[in-house]
Amino acid sequence: MTTRDIYIDSTKRNTTLYPSGNSYTMYIQNPMKNVVKVDLISAVIPNTMYNITNSNIFSVKDLYSSAMSQVRIDPGFYSAYTLSAAINNNQSNVNCNLFDTEGRFILSNVAYYQSGFAITNVSSEFFSVASIGNQNATIGTSTLLPTYMNSWAVISSNVVNMGTVSNYIFLEIDELRPPFPIDAVQDPVNSESFLKFATIPMDVISGGSKVFKEMSDYKISVEYPTPIDKIDRLTIRWLDTDGNTLNFNGGDHNSILLRFYMLPPPPDEVTPETPKILERVFENKSILFYFVIAFILILIILFI
């Protein structure tokens, strides 16, 4: 069995065909044949995904007048404190605070609401990070939200989670899809499974780069029971848990090092030619033998 390492760098892609580094195709000049196994040796992926990409995160509805006001912030990767500040800086109807001891957001009224307010049109991203959904505000009492007594307030149902969609991202290579799914599902019949080449943890801070290494992280290897006849290109896609293409937000440089294991080519099945008579005669003979043959040939020529 032979091996061959292939390095893929997104900066070498055709940027006209593939403007983003999250999906592209690279070609192999000397195609590989009879591939039975592929290892991911290393990979470098930017952690530049945002946890807020939809500017419209929620609306505030006056329950007395039904007036609506939209809360908008710039897309970005927010911490709990910067998200709270962005909400407060971009509108004046509610105030967002973070309970440090509980790790929850609380939205309380700044403007006067005769019958309270409701949080509506909550984006899925804001709900995911803040655990605040479409709901009516509650009036604070001495036993319920005493800090906000006589104010209207909405509090996170769970501890805030400022991470992106998942702690893992997925590398899909069309030509190297594994023979079996890589994820567990709740319904083995009706659930759609991932046939992705690799699962990589994004255990770096936002703005950094994940450097995956086989020796320091863990081994990723895919074996193919039926050898892949030929590989002359690699179609790369970076996906989230839901199978959506990641948005690197301009930080598109990523690279991969793969090791391919190939079976030797099968021997030629052509039947060897029958050795010629002269080849048989002259095979493995001494110099004296050749001298005798040459002498006989000279005599024949002289007497013809």
# chains A, B, ... in the order shown; residues from 1 in each chain; ligands from 1
call {"tool": "residues_around", "arguments": {"residues": "A:Ser23", "least_positions_apart": "3", "cutoff": "12 Å", "atoms": "only C-alpha atoms", "output": "mmCIF file with C-alpha atoms, in the first residue's frame"}}
result
data_model
loop_
_atom_site.group_PDB
_atom_site.id
_atom_site.type_symbol
_atom_site.label_atom_id
_atom_site.label_comp_id
_atom_site.auth_asym_id
_atom_site.auth_seq_id
_atom_site.Cartn_x
_atom_site.Cartn_y
_atom_site.Cartn_z
ATOM 1 C CA ASP A 9 -5.444 25.858 0.541
ATOM 2 C CA SER A 10 -8.567 27.958 -0.001
ATOM 3 C CA THR A 11 -6.491 30.947 -1.146
ATOM 4 C CA ARG A 13 -9.179 28.506 -5.343
ATOM 5 C CA ASN A 14 -10.740 30.153 -8.387
ATOM 6 C CA THR A 15 -12.239 33.186 -6.663
ATOM 7 C CA LEU A 17 -16.189 30.625 -9.424
ATOM 8 C CA TYR A 18 -15.884 30.373 -5.638
ATOM 9 C CA PRO A 19 -15.925 33.857 -4.084
ATOM 10 C CA SER A 20 -16.120 32.487 -0.533
ATOM 11 C CA MET A 26 -9.594 22.080 -6.094
ATOM 12 C CA LEU A 171 -15.979 19.245 6.805
ATOM 13 C CA GLU A 172 -17.764 17.811 3.788
ATOM 14 C CA ILE A 173 -15.777 16.513 0.807
ATOM 15 C CA ASP A 174 -18.047 15.156 -1.914
ATOM 16 C CA LEU A 234 -11.780 17.626 -4.047
ATOM 17 C CA THR A 235 -15.011 19.559 -3.449
ATOM 18 C CA ILE A 236 -14.764 21.252 -0.049
ATOM 19 C CA ARG A 237 -17.643 22.591 2.047
ATOM 20 C CA TRP A 238 -17.672 23.811 5.670
ATOM 21 C CA LEU A 239 -21.031 23.248 7.400
ATOM 22 C CA ASN A 244 -25.880 24.981 6.380
ATOM 23 C CA THR A 245 -22.766 26.454 4.780
ATOM 24 C CA LEU A 246 -20.786 28.496 7.297
ATOM 25 C CA ASN A 247 -20.360 32.214 6.779
ATOM 26 C CA PHE A 248 -16.753 33.156 7.527
ATOM 27 C CA ASP A 252 -12.110 32.833 4.227
ATOM 28 C CA HIS A 253 -8.589 31.422 4.541
ATOM 29 C CA ASN A 254 -8.711 27.751 5.507
#
call {"tool": "residues_around", "arguments": {"residues": "A:Gly76", "least_positions_apart": "5", "cutoff": "12 Å", "atoms": "only C-alpha atoms", "output": "PDB file with C-alpha atoms, in the first residue's frame"}}
result
ATOM      1  CA  THR A  48     -15.153  34.224  12.373  1.00  0.00           C
ATOM      2  CA  MET A  49     -18.786  33.129  12.456  1.00  0.00           C
ATOM      3  CA  TYR A  50     -21.284  35.539  14.096  1.00  0.00           C
ATOM      4  CA  ASN A  51     -23.774  34.598  16.781  1.00  0.00           C
ATOM      5  CA  ILE A  52     -26.017  37.440  15.591  1.00  0.00           C
ATOM      6  CA  THR A  53     -26.463  37.756  11.814  1.00  0.00           C
ATOM      7  CA  ASN A  54     -30.053  39.069  11.679  1.00  0.00           C
ATOM      8  CA  SER A  55     -30.136  42.759  12.615  1.00  0.00           C
ATOM      9  CA  THR A  82     -21.750  43.792  24.499  1.00  0.00           C
ATOM     10  CA  LEU A  83     -25.159  42.438  23.425  1.00  0.00           C
ATOM     11  CA  ALA A  86     -25.972  47.190  21.875  1.00  0.00           C
ATOM     12  CA  GLU A 125     -30.548  33.697  16.962  1.00  0.00           C
ATOM     13  CA  MET A 162     -23.332  33.350  23.592  1.00  0.00           C
ATOM     14  CA  GLY A 163     -21.720  30.611  21.541  1.00  0.00           C
ATOM     15  CA  THR A 164     -22.387  30.142  17.857  1.00  0.00           C
ATOM     16  CA  SER A 206     -14.106  34.298  18.245  1.00  0.00           C
ATOM     17  CA  GLY A 207     -11.699  35.911  15.816  1.00  0.00           C
ATOM     18  CA  ASN A 247     -20.360  32.214   6.779  1.00  0.00           C
ATOM     19  CA  PHE A 248     -16.753  33.156   7.527  1.00  0.00           C
ATOM     20  CA  ASN A 249     -17.618  36.861   7.075  1.00  0.00           C
TER      21      ASN A 249
END
call {"tool": "closest_residue", "arguments": {"among": "A:Ser128, A:Ser42, A:Gln29, A:Ser79", "to": "A:Lys210", "atoms": "only C-alpha atoms"}}
result
A:Ser42
call {"tool": "select_by_dssp", "arguments": {"residues": "stretch 96-258 of chain A", "states": "strand (DSSP E or B)", "output": "ChimeraX atom specification"}}
result
/A:96-99,104-109,117-120,135-136,138-140,149,152-155,168-173,198-201,209-213,220-239,245,255-258
call {"tool": "closest_residue", "arguments": {"among": "A:Met262, A:Gly133, A:Ile296, A:Leu98", "to": "A:Asp229", "atoms": "only C-alpha atoms"}}
result
A:Met262
call {"tool": "select_by_dssp", "arguments": {"residues": "stretch 18-195 of chain A", "states": "alpha helix (DSSP H)", "output": "CSV table (one decimal) with N, CA and C atoms, in the first residue's frame"}}
result
chain,number,residue,atom,x,y,z
A,80,ALA,N,-22.2,38.6,26.3
A,80,ALA,CA,-23.4,38.9,27.0
A,80,ALA,C,-23.4,40.5,27.3
A,81,TYR,N,-22.3,41.0,27.7
A,81,TYR,CA,-22.3,42.4,28.0
A,81,TYR,C,-22.4,43.3,26.8
A,82,THR,N,-21.7,43.0,25.7
A,82,THR,CA,-21.8,43.8,24.5
A,82,THR,C,-23.1,43.7,23.8
A,83,LEU,N,-23.8,42.5,24.0
A,83,LEU,CA,-25.2,42.4,23.4
A,83,LEU,C,-26.1,43.3,24.2
A,84,SER,N,-26.0,43.3,25.5
A,84,SER,CA,-26.8,44.1,26.4
A,84,SER,C,-26.6,45.6,26.1
A,85,ALA,N,-25.3,46.0,25.9
A,85,ALA,CA,-25.0,47.4,25.6
A,85,ALA,C,-25.6,47.8,24.2
A,86,ALA,N,-25.5,46.9,23.2
A,86,ALA,CA,-26.0,47.2,21.9
A,86,ALA,C,-27.5,47.4,21.9
A,87,ILE,N,-28.2,46.6,22.6
A,87,ILE,CA,-29.7,46.7,22.7
A,87,ILE,C,-30.0,48.1,23.3
A,88,ASN,N,-29.3,48.5,24.4
A,88,ASN,CA,-29.6,49.7,25.1
A,88,ASN,C,-29.2,51.0,24.2
A,89,ASN,N,-28.2,50.8,23.4
A,89,ASN,CA,-27.7,51.9,22.6
A,89,ASN,C,-28.5,52.2,21.4
A,124,SER,N,-34.6,33.8,15.7
A,124,SER,CA,-34.1,32.5,16.3
A,124,SER,C,-32.7,32.6,16.9
A,125,GLU,N,-31.9,33.5,16.4
A,125,GLU,CA,-30.5,33.7,17.0
A,125,GLU,C,-30.6,34.3,18.3
A,126,PHE,N,-31.5,35.4,18.5
A,126,PHE,CA,-31.6,36.0,19.8
A,126,PHE,C,-32.2,35.1,20.8
A,127,PHE,N,-33.2,34.3,20.4
A,127,PHE,CA,-33.8,33.3,21.3
A,127,PHE,C,-32.7,32.3,21.7
A,128,SER,N,-31.8,31.9,20.8
A,128,SER,CA,-30.8,30.9,21.1
A,128,SER,C,-29.8,31.4,22.1
A,129,VAL,N,-29.4,32.6,22.0
A,129,VAL,CA,-28.4,33.1,22.9
A,129,VAL,C,-28.9,33.7,24.2
A,130,ALA,N,-30.1,34.3,24.1
A,130,ALA,CA,-30.7,35.0,25.3
A,130,ALA,C,-31.8,34.3,26.0
call {"tool": "closest_residue", "arguments": {"among": "A:Phe212, A:Tyr148, A:Phe58, A:Phe197", "to": "A:Gln91", "atoms": "only C-alpha atoms"}}
result
A:Phe58
call {"tool": "atom_distance", "arguments": {"atom1": "atom CA of A:Leu63", "atom2": "atom CA of A:Gln114"}}
result
8.0 Å
call {"tool": "atom_distance", "arguments": {"atom1": "atom CA of A:Val204", "atom2": "atom CA of A:Pro46"}}
result
9.3 Å
call {"tool": "residues_around", "arguments": {"residues": "A:Ala137", "least_positions_apart": "4", "cutoff": "8 Å", "atoms": "only C-alpha atoms", "output": "ChimeraX atom specification"}}
result
/A:116-119,152-154
call {"tool": "residues_around", "arguments": {"residues": "A:Phe260", "least_positions_apart": "6", "cutoff": "8 Å", "atoms": "only C-alpha atoms", "output": "mmCIF file with N, CA and C atoms, in the first residue's frame"}}
result
data_model
loop_
_atom_site.group_PDB
_atom_site.id
_atom_site.type_symbol
_atom_site.label_atom_id
_atom_site.label_comp_id
_atom_site.auth_asym_id
_atom_site.auth_seq_id
_atom_site.Cartn_x
_atom_site.Cartn_y
_atom_site.Cartn_z
ATOM 1 N N THR A 3 1.169 5.646 0.136
ATOM 2 C CA THR A 3 0.493 6.811 0.700
ATOM 3 C C THR A 3 0.911 8.066 -0.060
ATOM 4 N N ARG A 4 0.038 9.058 0.038
ATOM 5 C CA ARG A 4 0.319 10.331 -0.623
ATOM 6 C C ARG A 4 -0.391 11.439 0.138
ATOM 7 N N ASP A 5 0.334 12.505 0.457
ATOM 8 C CA ASP A 5 -0.238 13.637 1.172
ATOM 9 C C ASP A 5 -0.650 14.717 0.182
ATOM 10 N N ILE A 6 -1.835 15.280 0.411
ATOM 11 C CA ILE A 6 -2.360 16.341 -0.444
ATOM 12 C C ILE A 6 -2.698 17.545 0.436
ATOM 13 N N VAL A 35 -8.139 4.228 -3.926
ATOM 14 C CA VAL A 35 -8.012 4.798 -2.583
ATOM 15 C C VAL A 35 -8.868 3.993 -1.609
ATOM 16 N N VAL A 36 -8.256 3.530 -0.524
ATOM 17 C CA VAL A 36 -8.976 2.702 0.457
ATOM 18 C C VAL A 36 -9.082 3.379 1.825
ATOM 19 N N LYS A 37 -8.346 4.472 2.030
ATOM 20 C CA LYS A 37 -8.360 5.120 3.343
ATOM 21 C C LYS A 37 -7.845 6.542 3.201
ATOM 22 N N VAL A 38 -8.423 7.464 3.997
ATOM 23 C CA VAL A 38 -7.977 8.860 4.001
ATOM 24 C C VAL A 38 -7.937 9.354 5.448
ATOM 25 N N ASP A 39 -6.832 9.981 5.826
ATOM 26 C CA ASP A 39 -6.672 10.579 7.150
ATOM 27 C C ASP A 39 -6.675 12.097 7.037
#
call {"tool": "atom_distance", "arguments": {"atom1": "atom CA of A:Ile45", "atom2": "atom CA of A:Met202"}}
result
8.6 Å
call {"tool": "closest_residue", "arguments": {"among": "A:Ile8, A:Ala43, A:Ile200, A:Ile155", "to": "A:Ile106", "atoms": "only C-alpha atoms"}}
result
A:Ile155
